[in-house]
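Below: coords-v4.cif (mmCIF, C-alpha atoms)
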```cif
data_target
loop_
_atom_site.label_atom_id
_atom_site.label_comp_id
_atom_site.auth_asym_id
_atom_site.auth_seq_id
_atom_site.Cartn_x
_atom_site.Cartn_y
_atom_site.Cartn_z
CA MET W 660 0.00 0.00 0.00
CA SER W 661 1.48 3.29 -1.08
CA HIS W 662 1.33 6.08 1.44
CA GLN W 663 2.04 8.80 -1.09
CA PRO W 664 -1.01 11.04 -1.50
CA PRO W 665 -2.20 11.68 -5.07
CA LYS W 666 -1.08 14.94 -6.67
CA GLY W 667 -2.93 18.02 -5.54
CA LEU W 668 -4.08 16.53 -2.25
CA PRO W 669 -2.67 17.53 1.12
CA SER W 670 -0.06 15.16 2.46
CA ARG W 671 -1.99 12.90 4.78
CA PRO W 672 -2.10 9.10 4.94
CA MET W 673 -4.77 7.26 2.93
CA SER W 674 -6.96 4.60 4.54
CA PRO W 675 -6.18 1.80 5.48
CA PHE W 676 -2.74 3.07 6.49
CA MET W 677 -3.11 1.78 10.07
CA LEU W 678 -3.19 -1.89 9.05
CA GLY W 679 -0.02 -3.88 9.69
CA GLN W 680 2.04 -1.05 11.15
CA TYR W 681 0.25 0.43 14.13
CA TYR W 682 -2.79 -1.76 14.51
CA ARG W 683 -2.83 -4.71 16.90
CA PHE W 684 -4.70 -7.72 15.52
CA GLN W 685 -8.30 -7.88 16.73
CA LEU W 686 -11.13 -10.18 15.73
CA THR W 687 -13.50 -7.24 15.32
CA SER W 688 -11.30 -5.37 12.83
CA LEU W 689 -10.50 -8.58 10.96
CA LEU W 690 -14.23 -9.34 10.56
CA SER W 691 -14.86 -5.80 9.35
CA PHE W 692 -12.06 -6.17 6.81
CA VAL W 693 -13.36 -9.57 5.65
CA HIS W 694 -16.85 -8.05 5.30
CA ARG W 695 -15.57 -5.58 2.73
CA LEU W 696 -13.39 -8.22 1.05
CA THR W 697 -16.30 -10.68 0.70
CA GLY W 698 -18.44 -7.80 -0.56
CA ILE W 699 -15.97 -7.07 -3.37
CA GLY W 700 -15.69 -10.82 -4.06
CA LEU W 701 -19.46 -11.13 -4.27
CA SER W 702 -19.70 -8.20 -6.68
CA ILE W 703 -17.32 -10.05 -8.98
CA GLY W 704 -19.12 -13.32 -8.22
CA THR W 705 -22.39 -11.81 -9.46
CA MET W 706 -20.90 -12.20 -12.94
CA LEU W 707 -21.07 -15.95 -12.30
CA LEU W 708 -24.79 -15.68 -11.56
CA ALA W 709 -25.27 -13.53 -14.68
CA ALA W 710 -23.30 -15.98 -16.86
CA TRP W 711 -25.31 -18.91 -15.46
CA LEU W 712 -28.68 -17.37 -16.35
CA ILE W 713 -27.57 -15.83 -19.66
CA THR W 714 -26.14 -19.15 -20.90
CA LEU W 715 -29.35 -20.84 -19.71
CA ALA W 716 -31.28 -18.50 -22.00
CA GLY W 717 -28.84 -19.40 -24.79
CA GLY W 718 -30.05 -23.01 -24.98
CA PRO W 719 -28.77 -26.48 -24.03
CA GLU W 720 -25.46 -26.28 -25.92
CA THR W 721 -24.40 -22.87 -24.58
CA TYR W 722 -25.50 -23.88 -21.09
CA GLY W 723 -23.59 -27.16 -21.33
CA MET W 724 -20.37 -25.35 -22.22
CA PHE W 725 -20.73 -23.16 -19.11
CA ALA W 726 -22.06 -25.83 -16.73
CA LYS W 727 -19.17 -28.21 -17.39
CA HIS W 728 -16.86 -25.65 -15.78
CA LEU W 729 -19.17 -25.29 -12.78
CA THR W 730 -19.16 -29.05 -12.14
CA ALA W 731 -15.38 -29.34 -12.59
CA TRP W 732 -13.26 -29.34 -9.43
CA TYR W 733 -12.19 -25.70 -9.86
CA GLY W 734 -15.80 -24.64 -10.46
CA GLN W 735 -16.94 -26.44 -7.34
CA ALA W 736 -14.09 -24.87 -5.34
CA LEU W 737 -15.08 -21.42 -6.62
CA LEU W 738 -18.75 -22.08 -5.80
CA PHE W 739 -17.75 -23.22 -2.31
CA CYS W 740 -15.86 -19.95 -1.68
CA TRP W 741 -18.74 -18.00 -3.24
CA SER W 742 -21.34 -19.65 -0.99
CA TRP W 743 -19.30 -19.01 2.16
CA ALA W 744 -18.57 -15.40 1.12
CA LEU W 745 -22.29 -14.81 0.57
CA LEU W 746 -23.33 -16.42 3.86
CA TYR W 747 -20.57 -14.63 5.81
CA HIS W 748 -21.53 -11.27 4.30
CA LEU W 749 -25.18 -12.08 5.10
CA CYS W 750 -24.51 -13.00 8.76
CA ASN W 751 -22.11 -10.11 9.38
CA GLY W 752 -24.54 -7.83 7.52
CA ILE W 753 -27.21 -8.69 10.09
CA ARG W 754 -24.64 -7.76 12.77
CA HIS W 755 -24.17 -4.41 11.01
CA LEU W 756 -27.94 -3.85 10.88
CA GLY W 757 -27.99 -4.39 14.64
CA TRP W 758 -25.33 -1.68 15.07
CA ASP W 759 -27.39 0.61 12.83
CA ILE W 760 -30.23 0.50 15.35
CA GLY W 761 -27.74 0.98 18.19
CA LYS W 762 -27.58 -2.62 19.43
CA GLY W 763 -24.50 -4.69 20.22
CA TYR W 764 -21.81 -2.06 20.71
CA GLU W 765 -20.60 -3.35 24.09
CA LEU W 766 -17.17 -4.94 23.66
CA LYS W 767 -18.32 -8.31 25.01
CA THR W 768 -21.36 -8.36 22.73
CA ALA W 769 -19.32 -7.28 19.69
CA TYR W 770 -16.95 -10.22 20.25
CA ALA W 771 -19.78 -12.70 20.96
CA THR W 772 -21.67 -11.74 17.79
CA GLY W 773 -18.36 -11.80 15.88
CA TYR W 774 -17.66 -15.41 16.87
CA ALA W 775 -21.32 -16.25 16.19
CA VAL W 776 -21.03 -14.85 12.64
CA VAL W 777 -17.98 -17.04 11.91
CA ILE W 778 -19.62 -20.18 13.30
CA VAL W 779 -23.10 -19.64 11.82
CA SER W 780 -21.72 -18.79 8.36
CA LEU W 781 -19.66 -21.99 8.38
CA LEU W 782 -22.65 -24.07 9.57
CA LEU W 783 -24.90 -22.55 6.87
CA THR W 784 -22.25 -23.25 4.21
CA ALA W 785 -22.05 -26.86 5.41
CA ALA W 786 -25.85 -27.07 5.26
CA VAL W 787 -25.95 -25.74 1.67
CA TRP W 788 -23.36 -28.27 0.51
CA ALA W 789 -25.07 -31.07 2.43
CA VAL W 790 -28.25 -30.25 0.47
CA ALA W 791 -26.27 -30.20 -2.80
CA TYR W 792 -24.48 -33.49 -2.22
CA ALA W 793 -27.14 -35.39 -0.26
CA LYS W 794 -29.02 -36.26 -3.42
CA MET H 939 -7.90 30.93 -7.42
CA SER H 940 -9.94 31.45 -4.31
CA MET H 941 -8.17 31.64 -0.99
CA ARG H 942 -11.15 30.06 0.73
CA SER H 943 -11.02 26.42 1.77
CA PRO H 944 -13.54 23.97 0.25
CA LEU H 945 -15.28 23.82 3.64
CA GLY H 946 -15.51 27.60 3.77
CA GLN H 947 -17.10 27.70 0.34
CA ALA H 948 -19.67 25.04 1.21
CA ARG H 949 -20.55 26.51 4.60
CA GLY H 950 -23.86 28.32 4.67
CA LEU H 951 -25.16 26.70 1.49
CA GLY H 952 -27.16 24.18 3.48
CA SER H 953 -27.19 20.44 2.86
CA ALA H 954 -27.89 18.77 -0.49
CA LYS H 955 -30.85 17.07 1.25
CA ASP H 956 -29.79 13.58 0.17
CA GLY H 957 -26.97 12.92 2.62
CA THR H 958 -28.59 9.79 4.05
CA HIS H 959 -30.00 8.41 0.79
CA HIS H 960 -27.06 6.12 0.01
CA PHE H 961 -26.92 4.84 3.59
CA TRP H 962 -30.67 4.23 3.67
CA VAL H 963 -31.04 2.38 0.34
CA GLN H 964 -28.01 0.24 1.22
CA ARG H 965 -29.85 -0.89 4.39
CA ILE H 966 -33.15 -1.45 2.52
CA SER H 967 -31.46 -3.64 -0.10
CA ALA H 968 -29.57 -5.44 2.70
CA VAL H 969 -32.80 -6.32 4.52
CA ALA H 970 -34.40 -7.49 1.25
CA LEU H 971 -31.37 -9.67 0.52
CA ILE H 972 -31.60 -11.62 3.79
CA PRO H 973 -34.54 -13.83 2.70
CA LEU H 974 -33.76 -13.54 -1.04
CA SER H 975 -30.17 -14.78 -0.85
CA LEU H 976 -31.00 -17.59 1.59
CA TRP H 977 -33.75 -18.68 -0.82
CA PHE H 978 -31.34 -18.48 -3.76
CA VAL H 979 -28.47 -20.42 -2.19
CA PHE H 980 -30.64 -23.27 -0.93
CA SER H 981 -32.66 -23.45 -4.18
CA VAL H 982 -29.53 -23.67 -6.30
CA ALA H 983 -28.10 -26.29 -3.94
CA GLN H 984 -31.17 -28.42 -4.67
CA LEU H 985 -30.50 -28.03 -8.41
CA ALA H 986 -26.97 -29.43 -8.01
CA GLY H 987 -26.23 -32.08 -10.60
CA GLY H 988 -29.26 -31.07 -12.65
CA ASP H 989 -28.99 -30.63 -16.41
CA PHE H 990 -30.22 -27.80 -18.69
CA TYR H 991 -33.82 -29.06 -18.76
CA MET H 992 -34.07 -29.31 -15.00
CA VAL H 993 -32.77 -25.76 -14.48
CA ARG H 994 -35.02 -24.40 -17.26
CA HIS H 995 -38.02 -26.13 -15.70
CA TRP H 996 -37.13 -24.47 -12.37
CA VAL H 997 -36.85 -20.94 -13.86
CA HIS H 998 -40.06 -21.55 -15.85
CA ALA H 999 -42.24 -21.46 -12.72
CA PRO H 1000 -43.64 -17.89 -12.31
CA SER H 1001 -42.93 -17.79 -8.56
CA VAL H 1002 -39.28 -18.72 -9.18
CA ALA H 1003 -38.85 -16.26 -12.08
CA ILE H 1004 -40.33 -13.41 -10.03
CA THR H 1005 -38.19 -14.18 -6.98
CA LEU H 1006 -35.10 -14.50 -9.19
CA VAL H 1007 -35.71 -11.06 -10.73
CA LEU H 1008 -36.22 -9.58 -7.23
CA PHE H 1009 -32.97 -11.22 -6.10
CA ILE H 1010 -31.06 -9.89 -9.15
CA VAL H 1011 -32.38 -6.34 -8.65
CA ALA H 1012 -31.63 -6.28 -4.91
CA ALA H 1013 -28.21 -7.98 -5.28
CA LEU H 1014 -26.95 -5.77 -8.11
CA TYR H 1015 -28.28 -2.59 -6.51
CA HIS H 1016 -26.60 -3.51 -3.20
CA SER H 1017 -23.42 -4.46 -5.09
CA MET H 1018 -23.41 -1.13 -6.95
CA LEU H 1019 -23.79 0.81 -3.67
CA GLY H 1020 -21.03 -1.22 -2.00
CA VAL H 1021 -18.51 -0.89 -4.84
CA GLN H 1022 -19.28 2.86 -4.91
CA VAL H 1023 -18.15 3.17 -1.28
CA VAL H 1024 -14.97 1.19 -2.01
CA ILE H 1025 -14.17 3.50 -4.96
CA GLU H 1026 -14.84 6.62 -2.88
CA ASP H 1027 -12.63 5.27 -0.08
CA TYR H 1028 -9.60 4.15 -2.07
CA ILE H 1029 -9.40 6.22 -5.26
CA GLY H 1030 -7.99 9.62 -4.40
CA ASN H 1031 -7.52 11.11 -7.87
CA GLU H 1032 -10.67 13.06 -8.71
CA GLY H 1033 -10.68 12.17 -12.42
CA SER H 1034 -10.12 8.43 -11.91
CA LYS H 1035 -12.73 8.50 -9.18
CA ILE H 1036 -15.44 9.99 -11.39
CA VAL H 1037 -14.65 7.60 -14.27
CA SER H 1038 -14.72 4.62 -11.87
CA LEU H 1039 -18.01 5.75 -10.33
CA LEU H 1040 -19.60 6.05 -13.79
CA LEU H 1041 -18.21 2.67 -14.93
CA ASN H 1042 -19.50 1.12 -11.70
CA LYS H 1043 -23.04 2.34 -12.36
CA PHE H 1044 -23.02 1.45 -16.09
CA LEU H 1045 -21.57 -2.04 -15.59
CA HIS H 1046 -24.07 -2.90 -12.86
CA ALA H 1047 -26.95 -1.62 -15.01
CA ILE H 1048 -25.78 -3.68 -18.01
CA VAL H 1049 -25.38 -6.88 -15.97
CA ALA H 1050 -28.73 -6.37 -14.21
CA VAL H 1051 -30.71 -5.74 -17.41
CA SER H 1052 -29.02 -8.60 -19.31
CA THR H 1053 -29.62 -11.07 -16.49
CA ILE H 1054 -33.26 -10.04 -16.02
CA PHE H 1055 -33.78 -10.32 -19.79
CA ALA H 1056 -32.30 -13.85 -19.68
CA VAL H 1057 -34.63 -14.89 -16.84
CA LEU H 1058 -37.67 -13.50 -18.68
CA LYS H 1059 -36.63 -15.20 -21.93
CA VAL H 1060 -36.44 -18.57 -20.15
CA ALA H 1061 -39.57 -17.99 -18.05
CA LEU H 1062 -41.76 -16.75 -20.91
CA GLY H 1063 -40.32 -19.08 -23.59
CA SER H 1064 -42.02 -22.34 -24.52
#
```

Would you encode the structure as structure tokens?
Amino acid sequence: MSHQPPKGLPSRPMSPFMLGQYYRFQLTSLLSFVHRLTGIGLSIGTMLLAAWLITLAGGPETYGMFAKHLTAWYGQALLFCWSWALLYHLCNGIRHLGWDIGKGYELKTAYATGYAVVIVSLLLTAAVWAVAYAK
Amino acid sequence: MSMRSPLGQARGLGSAKDGTHHFWVQRISAVALIPLSLWFVFSVAQLAGGDFYMVRHWVHAPSVAITLVLFIVAALYHSMLGVQVVIEDYIGNEGSKIVSLLLNKFLHAIVAVSTIFAVLKVALGS
């Protein structure tokens, strides 16, 4: 991360300049960081959803060409990451909505809900893949 | 060039009256996406291993097509708002920022309209 400000701007550090240098590792900041990271990942992942439905509209042959990548090992791995990213962003998003109405700011609560988000998102991901592979 | 700071120039003009709009619509789309994305993930999981005809049959049902379009609208709107914040946070150069913000809006609109068109084509086709 470059700390040089762009031309014409006053010389002050750009966010997230605190990371790595001055900031002690904390679960809460890590989860916040991962929330943004999964958000960016999901924005890119939406292209996958678009490609899935657009090739479906293209007919059996077009769909087959796309679907064979989804069922390949790398496609399944990508879908696994995608499903966890979505469910993590969903769970942590609910945590954010709680903060928006002023609930859960106490340090103990923030940590408890943080651990809950990690555990529940993993359980939901396991449930999704159990449904997919149970058949 | 004016000697006044940007803050000094803006002071006294009053607010633009839409300061909370972005925040508010981000929350609205977030709330909508809670049931919609859970529905989507578990529905698609049930389609696992299905071929073209099975997926087409699924999208063909009006209730599924309608919910899919709602999911696409909410997801892409929420995605557009989120990426906008990331651009505003990390791109300092004013020119690059404006170009990125425009591209962000255009790309999301193109993907949303194309995907909705695809769903309707499958749902309304024979």

Contact residues (chain H, partner chain W, 6 Å, only C-alpha atoms) as number ranges by chain: H: 980, 983-984, 986, 990, 1017, 1053, 1056, 1060

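Separating CA of Phe692 (chain W) from CA of Trp732 (chain W) is a distance of 28.3 Å.
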
Evaluate the PyMOL selection byres ((chain H and resi 1003-1005) around 9) here and jot the selected residues down as a PDB file with C-alpha atoms, in the coordinates of the input.
```
ATOM      1  CA  LEU H 974     -33.760 -13.540  -1.040  1.00  0.00           C
ATOM      2  CA  TRP H 977     -33.750 -18.680  -0.820  1.00  0.00           C
ATOM      3  CA  PHE H 978     -31.340 -18.480  -3.760  1.00  0.00           C
ATOM      4  CA  TRP H 996     -37.130 -24.470 -12.370  1.00  0.00           C
ATOM      5  CA  VAL H 997     -36.850 -20.940 -13.860  1.00  0.00           C
ATOM      6  CA  HIS H 998     -40.060 -21.550 -15.850  1.00  0.00           C
ATOM      7  CA  ALA H 999     -42.240 -21.460 -12.720  1.00  0.00           C
ATOM      8  CA  PRO H1000     -43.640 -17.890 -12.310  1.00  0.00           C
ATOM      9  CA  SER H1001     -42.930 -17.790  -8.560  1.00  0.00           C
ATOM     10  CA  VAL H1002     -39.280 -18.720  -9.180  1.00  0.00           C
ATOM     11  CA  LEU H1006     -35.100 -14.500  -9.190  1.00  0.00           C
ATOM     12  CA  VAL H1007     -35.710 -11.060 -10.730  1.00  0.00           C
ATOM     13  CA  LEU H1008     -36.220  -9.580  -7.230  1.00  0.00           C
ATOM     14  CA  PHE H1009     -32.970 -11.220  -6.100  1.00  0.00           C
ATOM     15  CA  ILE H1010     -31.060  -9.890  -9.150  1.00  0.00           C
ATOM     16  CA  VAL H1057     -34.630 -14.890 -16.840  1.00  0.00           C
ATOM     17  CA  LEU H1058     -37.670 -13.500 -18.680  1.00  0.00           C
ATOM     18  CA  VAL H1060     -36.440 -18.570 -20.150  1.00  0.00           C
ATOM     19  CA  ALA H1061     -39.570 -17.990 -18.050  1.00  0.00           C
TER      20      ALA H1061
END
```

CA of Val963 (chain H) to CA of Ala948 (chain H), distance in Å rounded to a single decimal: 25.4 Å

Best match for closeness to His748 (chain W) among H:Ser975, H:Ser940, H:Ser1064, H:Ser953, counting all atoms listed in the file: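 Closest to His748 (chain W), using all atoms listed in the file: H:Ser975.
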
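We find CA of Leu976 (chain H) and CA of Thr958 (chain H) to be spaced 27.6 Å apart.
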
Close residues, Met1018 (chain H) itself excluded, 10 Å, only C-alpha atoms, min 5 positions apart in chain, as JSON, numbers by chain: {"W": [702], "H": [964, 1012, 1013, 1023, 1039, 1042, 1043, 1044, 1045, 1046, 1047]}
